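> Supplied in structure tokens, the structure appears directly below.
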Number of protein chains: 2
Amino acid sequence: MTPKAVKALEDSDIIVGYNTYIALVRDLIGDKEVVGNGMRQEVDRCQKAVDLAVEGHKVAVISSGDPGVYGMAGLVLELVEKVDREKRPSCEIIPGLTAANTAAAALGAPLMHDYAVISLSDLMTPWDLIKRRARLAAEGDFVIAIYNPKSRGRATYLDQIRDIVLEYRKPETPVGIVRKAGRPGMSTTVTTLEKLPEADVDMQSTVIIGNSNTYVADGIMITPRGYKV
Amino acid sequence: MTPKAVKALEDSDIIVGYNTYIALVRDLIGDKEVVGNGMRQEVDRCQKAVDLAVEGHKVAVISSGDPGVYGMAGLVLELVEKVDREKRPSCEIIPGLTAANTAAAALGAPLMHDYAVISLSDLMTPWDLIKRRARLAAEGDFVIAIYNPKSRGRATYLDQIRDIVLEYRKPETPVGIVRKAGRPGMSTTVTTLEKLPEADVDMQSTVIIGNSNTYVADGIMITPRGYKV
């Protein structure tokens, strides 16, 4: 977290967020009022935050990573825009470190060249569009950072994406997997596209597939920017 | 900056970086030894940092934004890997907020869906590959974050990319421009693909082109994630 995010929590009267994330900032919020709830209740949660802000409270809505990347920033702004103009609360988005960047640093420097960020969650995005994006990113030799690579309902999705990328990249292309990027208990694995199906990947993992120049040295994943060294 | 980055600066004996970036952290580094130099001297600068680390100094190499995104992380690791194993210094990459995420927060929430990050600098990447990537990202309806959109030698590059994206997206597609993202004097502009050539874009700007669902409300750029609101 940046000092700006910490200060925003301190300055708020009410903290709103998914229970798991509330637990991560427990030490920072003391005995402030907390509105937490479970997964897939995002709209209720953010509407509640907006309602409280309209009532005059200073409200902080928390996301993990960067709220602006698959987080709550967009939803909060959409709901704020629905409030009558004269009652509409002001809203500031405070950026954070998204998992792609935190995971990259833990793996070495895989994002040194053009990259694409793709979520495999098909709750709100058609699976065909996700596959199409993965194919185009593979074709363009983008480094690819994958969010939400697996869950119980989507056990084969990552393998399907891997098969698509293999049409464009060598089997030995490095792949990094980071569990719990930036959180306590973070762990990293470096493998290859070929061996990816054997790797341990779960819902809390971020997967980074190298481009055609990415290599591994001493277990560290490096995508050269192109400097002559 | 994260507290971890601040602490790394405090714990280092020597700070190495591009002069412009050294100036940005002047207050944090007190009277520590500084090795600064100019643009396009990246290899010399990072080699110097690695040499100093081999001699036993604690060295911090600074980049702006995230060192792992078009920054110095990869180059430093490449040079560290060239040192004989028995003398090789340990090296930690500390992630930061890259311009895409900082700029996104300043504009609203344009990166809420799958996105591609592309640099238009052709110093080390063939211009044809950059254009190809922009085309594929446009075809895949990725939000597109553009780094290094313009410089004296590349005055028309952004307009060429805009023309490519216009083959796939409507002229009214929102485009956000952030100058000096996250730095003193930051400014934002929201325009459209059609009007982008009239906008003031320079080397210090980050440009974010929305996807087919991105809209502007009250001057704020929002890419819906897909929640029913």
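Ordering of the structure tokens sets the chain letters (A, B, ...); residue numbers start at 1 within each chain; ligands are numbered from 1 in the order shown.
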Hey, which bits of chain B sit within 7 Å of chain A, and for each residue what's the closest pair of atoms and how far apart in Å (one decimal), counting only C-alpha atoms, rows by chain and increasing number, as JSON lines?


{"residue": "B:Met1", "atom": "CA", "partner": "A:Thr2", "partner_atom": "CA", "distance": 6.1}
{"residue": "B:Thr2", "atom": "CA", "partner": "A:Thr2", "partner_atom": "CA", "distance": 4.7}
{"residue": "B:Pro3", "atom": "CA", "partner": "A:Thr2", "partner_atom": "CA", "distance": 6.8}
{"residue": "B:Gly68", "atom": "CA", "partner": "A:Ala109", "partner_atom": "CA", "distance": 5.4}
{"residue": "B:Val69", "atom": "CA", "partner": "A:Met112", "partner_atom": "CA", "distance": 4.9}
{"residue": "B:Tyr70", "atom": "CA", "partner": "A:Met112", "partner_atom": "CA", "distance": 5.0}
{"residue": "B:Gly71", "atom": "CA", "partner": "A:Met112", "partner_atom": "CA", "distance": 7.0}
{"residue": "B:Ala73", "atom": "CA", "partner": "A:Ala109", "partner_atom": "CA", "distance": 5.9}
{"residue": "B:Gly74", "atom": "CA", "partner": "A:Ala109", "partner_atom": "CA", "distance": 5.0}
{"residue": "B:Ile93", "atom": "CA", "partner": "A:Ala105", "partner_atom": "CA", "distance": 5.3}
{"residue": "B:Ile94", "atom": "CA", "partner": "A:Ala105", "partner_atom": "CA", "distance": 6.3}
{"residue": "B:Pro95", "atom": "CA", "partner": "A:Ala105", "partner_atom": "CA", "distance": 5.7}
{"residue": "B:Gly96", "atom": "CA", "partner": "A:Leu97", "partner_atom": "CA", "distance": 6.7}
{"residue": "B:Leu97", "atom": "CA", "partner": "A:Leu97", "partner_atom": "CA", "distance": 5.8}
{"residue": "B:Asn101", "atom": "CA", "partner": "A:Pro95", "partner_atom": "CA", "distance": 6.4}
{"residue": "B:Thr102", "atom": "CA", "partner": "A:Pro95", "partner_atom": "CA", "distance": 5.9}
{"residue": "B:Ala105", "atom": "CA", "partner": "A:Ile93", "partner_atom": "CA", "distance": 5.2}
{"residue": "B:Gly108", "atom": "CA", "partner": "A:Ile93", "partner_atom": "CA", "distance": 6.8}
{"residue": "B:Ala109", "atom": "CA", "partner": "A:Gly74", "partner_atom": "CA", "distance": 5.0}
{"residue": "B:Leu111", "atom": "CA", "partner": "A:Val69", "partner_atom": "CA", "distance": 5.6}
{"residue": "B:Met112", "atom": "CA", "partner": "A:Val69", "partner_atom": "CA", "distance": 4.8}
{"residue": "B:His113", "atom": "CA", "partner": "A:Tyr70", "partner_atom": "CA", "distance": 6.3}
{"residue": "B:Asp114", "atom": "CA", "partner": "A:Ile118", "partner_atom": "CA", "distance": 4.8}
{"residue": "B:Tyr115", "atom": "CA", "partner": "A:Val117", "partner_atom": "CA", "distance": 5.3}
{"residue": "B:Ala116", "atom": "CA", "partner": "A:Ala116", "partner_atom": "CA", "distance": 4.1}
{"residue": "B:Val117", "atom": "CA", "partner": "A:Tyr115", "partner_atom": "CA", "distance": 5.3}
{"residue": "B:Ile118", "atom": "CA", "partner": "A:Asp114", "partner_atom": "CA", "distance": 4.8}
{"residue": "B:Ser119", "atom": "CA", "partner": "A:Asp114", "partner_atom": "CA", "distance": 6.6}
{"residue": "B:Met124", "atom": "CA", "partner": "A:Gly226", "partner_atom": "CA", "distance": 5.5}
{"residue": "B:Arg132", "atom": "CA", "partner": "A:Gly140", "partner_atom": "CA", "distance": 6.8}
{"residue": "B:Arg133", "atom": "CA", "partner": "A:Gly140", "partner_atom": "CA", "distance": 5.1}
{"residue": "B:Leu136", "atom": "CA", "partner": "A:Leu136", "partner_atom": "CA", "distance": 5.6}
{"residue": "B:Gly140", "atom": "CA", "partner": "A:Arg133", "partner_atom": "CA", "distance": 5.1}
{"residue": "B:Ile222", "atom": "CA", "partner": "A:Gly74", "partner_atom": "CA", "distance": 6.0}
{"residue": "B:Thr223", "atom": "CA", "partner": "A:Gly74", "partner_atom": "CA", "distance": 6.6}
{"residue": "B:Pro224", "atom": "CA", "partner": "A:Gly74", "partner_atom": "CA", "distance": 6.1}
{"residue": "B:Gly226", "atom": "CA", "partner": "A:Met124", "partner_atom": "CA", "distance": 5.5}

> Work out how far apart CA of Lys58 in chain B and CA of Ile14 in chain B are and give it in Å to one decimal.

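These atoms are spaced 6.5 Å apart.
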
> When DSSP is applied to the backbone of this structure, which of range 21-225 of chain A are assigned helix (DSSP H, G or I)? Write them out as a PyMOL selection string.

chain A and resi 21-24+26-29+42-54+73-81+85-87+99-107+127-139+152-154+157-166+196-198

> Rank A:Asp31, A:Pro184, A:Ile62, A:Arg88 by their smallest atom-to-atom distance to Val16 in chain A, using only C-alpha atoms, and report the top residue only.

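Among the listed residues, A:Ile62 lies closest to Val16 in chain A.
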
> For Gly176 in chain A, list every protein, DNA or RNA residue within 7 Å, evaluated using only C-alpha atoms, and leave out those in the same chain fewer than 3 positions away; present the list as a list in words.

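In the requested format, the answer is Leu107, Thr189, Val190, Thr191, Val207, Ile208 and Ile209 of chain A.
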
> Include N, CA, C and O atoms and write out the residues we just selected as a PDB file, in the first residue's frame.


ATOM      1  N   LEU A 107       9.105 -12.451  -9.407  1.00  0.00           N
ATOM      2  CA  LEU A 107       9.666 -13.430 -10.360  1.00  0.00           C
ATOM      3  C   LEU A 107      10.970 -12.945 -10.978  1.00  0.00           C
ATOM      4  O   LEU A 107      11.718 -13.739 -11.554  1.00  0.00           O
ATOM      5  N   THR A 189       6.756 -19.867  -8.420  1.00  0.00           N
ATOM      6  CA  THR A 189       7.190 -21.047  -9.177  1.00  0.00           C
ATOM      7  C   THR A 189       7.541 -20.571 -10.570  1.00  0.00           C
ATOM      8  O   THR A 189       6.811 -19.759 -11.140  1.00  0.00           O
ATOM      9  N   VAL A 190       8.640 -21.066 -11.111  1.00  0.00           N
ATOM     10  CA  VAL A 190       8.954 -20.772 -12.511  1.00  0.00           C
ATOM     11  C   VAL A 190       8.957 -22.093 -13.269  1.00  0.00           C
ATOM     12  O   VAL A 190       9.620 -23.043 -12.874  1.00  0.00           O
ATOM     13  N   THR A 191       8.158 -22.159 -14.328  1.00  0.00           N
ATOM     14  CA  THR A 191       8.075 -23.377 -15.116  1.00  0.00           C
ATOM     15  C   THR A 191       8.070 -22.995 -16.604  1.00  0.00           C
ATOM     16  O   THR A 191       8.595 -21.934 -16.953  1.00  0.00           O
ATOM     17  N   VAL A 207      -0.471 -15.629 -13.070  1.00  0.00           N
ATOM     18  CA  VAL A 207       0.403 -16.375 -13.975  1.00  0.00           C
ATOM     19  C   VAL A 207       0.964 -15.405 -15.007  1.00  0.00           C
ATOM     20  O   VAL A 207       0.208 -14.627 -15.592  1.00  0.00           O
ATOM     21  N   ILE A 208       2.276 -15.440 -15.209  1.00  0.00           N
ATOM     22  CA  ILE A 208       2.880 -14.567 -16.223  1.00  0.00           C
ATOM     23  C   ILE A 208       3.599 -15.429 -17.262  1.00  0.00           C
ATOM     24  O   ILE A 208       4.519 -16.183 -16.925  1.00  0.00           O
ATOM     25  N   ILE A 209       3.134 -15.327 -18.501  1.00  0.00           N
ATOM     26  CA  ILE A 209       3.735 -16.078 -19.616  1.00  0.00           C
ATOM     27  C   ILE A 209       4.700 -15.154 -20.344  1.00  0.00           C
ATOM     28  O   ILE A 209       4.316 -14.067 -20.773  1.00  0.00           O
TER      29      ILE A 209
END

> When you count only C-alpha atoms, which of these residues is closest to Lys48 in chain A: A:Ser12, A:Thr188, A:Val34, A:Asp128?

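Closest residue, counting only C-alpha atoms: A:Val34.
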
> Which value, in Å to one decimal, gives the distance between CA of Asp122 in chain A and CA of Ile161 in chain A?

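Computing the Euclidean distance for CA of Asp122 in chain A and CA of Ile161 in chain A yields 13.1 Å.
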